[in-house]
Amino acid sequence: MVWNLCKSLVTFILILLGFIFVLLLPREMEVEAIGFSQYEAAHPFTMDLYMDNMKAFVTYFQTEKGFGTTLAGTPILEEVQRYLGRSLKIIIPTFILVLLFGTLVGVLQFNYRSKKRGKILSFFSSILSSIPDFFLFIAIQYLLIKLIQAGLPRFHLFGSDYWYSFIIPLISLMIFPLLHMVRMTVVAMESEMSQEYVRTVLAKGLSRIQAIKHILRNCWSTIINQSQWVMLYIISSLPIIERLSNYNGAGDQLLYSILNNEDIRAFALMLPFLLIMFFIHVGANVLKFIILPKEGKQG
Amino acid sequence: MRKVFHFINHNFLLCFGMLMLVLLLSFTFLGQYAPFINQGVEEIPFKMTDGKISVPPYEPSSEHLLGTDREGRDLLSLLAMGAKETLLIIVTITILRYLLAIPLAYLAHKNVFGANPLLKVLNGFFSYVPTIVMVILLAMLPPLLLTESRPYYLIVIIAAMEVGRAAETIKQELDECTRKEYILSGIAVGAGPVRLLKSYYLPFLYGKLLVSIISDLGKVMFLLGQLGFIGIFISQDIIQVEIGMFEIRNESISWPMLLMEATSDIRGPIWIPFWSAFAMTFTIFTFNILAQGIQNLEKKKASYLV
């Protein structure tokens with residue numbers, strides 16, 4: 001267990017370093033005047049420049065004793081906290097809802113899979129799972145705009161200033177991982193279905209619900225393993241959805257700082273996301289160790 | 001006739017997917033000949049209606065079924081004309097990805113040339129860092145921004161990003177295959193590694209490969225759409241706009257291009273991002289349904305009990 005955690009920590013640090021190495025590749029543009037109204041854009045790309053970038057990165061942290069301040073003078077750390085707070089308001093509920101409802105609907109779909117309503121359920125989930133989140137978001141907006149025109153009470157569709165601002169981004173982010181979770185649960189349960197212990201449970205005269213409970217207990221490892229995928233998906237899609245909804249959270253700011261070559265800021269904004277992934281990874285391992293001692297030890 | 005019905009009834013998803021694929025392909029290749037498609041995709045600078053001048057973008061109407069973009073180009077025509085380029089890009093990326101992934105998976109399976117550790121490193125990295133962040137970081141690198149062959153580099157980058165994931169899936173299938181007896185017979189007759197891969201492993205993987213390739217087509221479309229919102233496209237050039245100012249310009253009419261100004265379009269002419277995203281959704285949907293249909297076909301073949 002401790003060995004496993006150390007291994008995860010080392011992997012995390014290596015990944016962090018890898019990310020920094022890619023981030024620091026020289027990408028500054030040099031505009032040079034070559035006569036009247038004539039300019040040339042050059043992107044020098046040499047090893048020396050790369051080394052300089054890395055040195056500057058290290059000395060920055062040494063002199064600033066931390067992340068330092070933005071051009072406007074606010075400490076970067078404070079800024080990151082503000083943006084991240086907003087983003088977490090989307091990330092955490094989405095993550096919890098996906099795991100909870102994904103498993104729940106998965107069990108329902110498994111239970112009814114040979115009945116008509118089960119088939120309808122699975123057909124709809126396979127249709128919905130092909131809808132990309134950005135389309136879902138735009139479609140919801142389009143629908144709401146039409147509805148507001150038709151007389152629905154007016155409310156603010158964009159921005160992050162209202163208590164309900166996070167709801168539409170949350171819904172658009174949730175659907176895809178939710179349906180993935182449902183599918184994974186069903187697949188895991190179907191593969192357990194033919195095991196002998198299920199027959200034993202039924203032979204003992206216990207109900208169908210009891211049998212499903214037994215099956216579900218053996219599916220925990222699949223569900224826990226999927227949690228990492230769910231989080232990665234949420235983090236990958238968050239920037240785009242935040243940008244579309246003008247939500248102004250850490251994801252959108254991350255994109256902005258990468259596109260504007262603000263290395264330090266991009267790093268400061270990416271770090272929390274990497275840390276979240278790391279905690280989910282460690283959390284999943286610890287959970288596995290607690291509820292599935294046998295598999296946890298195998299790693 | 002009865003047999004046909006029986007087949008459709010039992011392979012509903014497959015037939016549905018095929019139907020959608022036919023629709024998509026006919027929109028792509030025959031769409032330009034349809035009477036309502038304006039092949040030149042001309043711009044309309046302004047329109048006079050009842051003595052009033054109005055400027056684009058125009059809302060969806062009977063004249064422009066899906067409305068027009070900000071330059072007054074008919075959106076439906078734009079989508080039809082851009083479909084070929086879009087599909088070509090996603091197919092190229094996906095095929096390239098699998099051309100890289102299959103040898104990598106085989107080498108990793110044989111555990112030679114350090115392919116296995118490479119695969120682990122790749123997958124470990126991308127289980128933490130979102131693919132899209134890496135694509136943005138690499139796509140904005142100066143040597144790639146300035147060359148003429150930028151489209152090719154970008155296609156390689158996007159293909160390479162998820163090679164690890166594709167290779168891992170194939171490797172697991174290969175690992176499973178190894179335990180089968182016919183592989184042993186192949187080794188016994190003295191087949192070399194290349195022949196083993198070609199005639200002993202791959203024929204049993206074709207079905208599964210097809211499923212993952214087709215579903216990857218959808219994934220690539222999704223990624224290209226996301227990149228479109230950020231303003232990164234496969235084909236773009238840097239152009240001097242003002243004195244000393246440079247901007248990235250696009251001359252292509254592939255679908256993600258239409259999403260370039262989505263963040264402001266969504267507050268005004270929302271039909272532009274809506275219908276372009278819809279076209280992408282339709283594509284993703286087609287490939288996903290098709291992949292699922294083929295997968296079900298495979299499943300049925302393998303089981304004796306229906």
# chains A, B, ... in the order shown; residues from 1 in each chain; ligands from 1

$ select_by_dssp --residues "range 120-265 of chain B" --states "strand (DSSP E or B)" --output "list in words"
Asp237, Ile238, Ile239, Gln240, Val241, Glu242, Met245, Phe246, Glu247, Ile248 and Arg249 of chain B

$ write_last_selection --atoms "N, CA, C and O atoms" --output "PDB file, in the first residue's frame"
ATOM      1  N   ASP B 237      -3.009  30.106 -41.663  1.00  0.00           N
ATOM      2  CA  ASP B 237      -1.797  30.826 -42.031  1.00  0.00           C
ATOM      3  C   ASP B 237      -1.662  32.052 -41.158  1.00  0.00           C
ATOM      4  O   ASP B 237      -2.638  32.565 -40.641  1.00  0.00           O
ATOM      5  N   ILE B 238      -0.428  32.522 -41.048  1.00  0.00           N
ATOM      6  CA  ILE B 238      -0.243  33.781 -40.337  1.00  0.00           C
ATOM      7  C   ILE B 238      -0.183  34.901 -41.362  1.00  0.00           C
ATOM      8  O   ILE B 238       0.503  34.811 -42.361  1.00  0.00           O
ATOM      9  N   ILE B 239      -0.957  35.927 -41.121  1.00  0.00           N
ATOM     10  CA  ILE B 239      -1.058  37.006 -42.094  1.00  0.00           C
ATOM     11  C   ILE B 239      -0.833  38.318 -41.359  1.00  0.00           C
ATOM     12  O   ILE B 239      -1.244  38.483 -40.212  1.00  0.00           O
ATOM     13  N   GLN B 240      -0.174  39.226 -42.016  1.00  0.00           N
ATOM     14  CA  GLN B 240       0.028  40.531 -41.404  1.00  0.00           C
ATOM     15  C   GLN B 240      -1.254  41.334 -41.567  1.00  0.00           C
ATOM     16  O   GLN B 240      -1.703  41.591 -42.683  1.00  0.00           O
ATOM     17  N   VAL B 241      -1.868  41.760 -40.457  1.00  0.00           N
ATOM     18  CA  VAL B 241      -3.116  42.496 -40.574  1.00  0.00           C
ATOM     19  C   VAL B 241      -2.910  43.993 -40.465  1.00  0.00           C
ATOM     20  O   VAL B 241      -3.453  44.773 -41.228  1.00  0.00           O
ATOM     21  N   GLU B 242      -2.151  44.405 -39.473  1.00  0.00           N
ATOM     22  CA  GLU B 242      -1.864  45.817 -39.373  1.00  0.00           C
ATOM     23  C   GLU B 242      -0.361  45.953 -39.288  1.00  0.00           C
ATOM     24  O   GLU B 242       0.346  44.959 -39.279  1.00  0.00           O
ATOM     25  N   MET B 245       1.353  43.826 -36.728  1.00  0.00           N
ATOM     26  CA  MET B 245       0.431  42.903 -36.069  1.00  0.00           C
ATOM     27  C   MET B 245       0.226  41.683 -36.961  1.00  0.00           C
ATOM     28  O   MET B 245       0.057  41.808 -38.162  1.00  0.00           O
ATOM     29  N   PHE B 246       0.224  40.548 -36.358  1.00  0.00           N
ATOM     30  CA  PHE B 246       0.024  39.343 -37.144  1.00  0.00           C
ATOM     31  C   PHE B 246      -1.167  38.575 -36.614  1.00  0.00           C
ATOM     32  O   PHE B 246      -1.459  38.606 -35.432  1.00  0.00           O
ATOM     33  N   GLU B 247      -1.843  37.944 -37.500  1.00  0.00           N
ATOM     34  CA  GLU B 247      -3.023  37.216 -37.072  1.00  0.00           C
ATOM     35  C   GLU B 247      -3.066  35.891 -37.807  1.00  0.00           C
ATOM     36  O   GLU B 247      -2.560  35.776 -38.924  1.00  0.00           O
ATOM     37  N   ILE B 248      -3.699  34.928 -37.163  1.00  0.00           N
ATOM     38  CA  ILE B 248      -3.833  33.643 -37.831  1.00  0.00           C
ATOM     39  C   ILE B 248      -5.094  33.677 -38.677  1.00  0.00           C
ATOM     40  O   ILE B 248      -6.174  34.035 -38.199  1.00  0.00           O
ATOM     41  N   ARG B 249      -4.958  33.377 -39.953  1.00  0.00           N
ATOM     42  CA  ARG B 249      -6.095  33.447 -40.863  1.00  0.00           C
ATOM     43  C   ARG B 249      -6.402  32.071 -41.418  1.00  0.00           C
ATOM     44  O   ARG B 249      -5.535  31.215 -41.492  1.00  0.00           O
TER      45      ARG B 249
END

$ residues_around --residues "Glu85 in chain B" --least-positions-apart "3" --cutoff "8 Å" --atoms "only C-alpha atoms" --output "list in words"
Gly82, Leu88, Ile89, Ile253 and Ser254 of chain B

$ residues_around --residues "Glu173 in chain B" --least-positions-apart "4" --cutoff "10 Å" --atoms "only C-alpha atoms" --output "VMD selection string"
chain B and resid 105 109 167 to 169 177 to 178 201 204 to 205 208 to 209

$ select_by_dssp --residues "range 73-230 of chain A" --states "alpha helix (DSSP H)" --output "ChimeraX atom specification"
/A:76-111,116-128,133-149,167-192,196-203,208-217,220-230

$ closest_residue --among "A:Gly249, A:Pro75, A:Pro93, A:Pro26" --to "chain B" --atoms "only C-alpha atoms"
A:Pro26
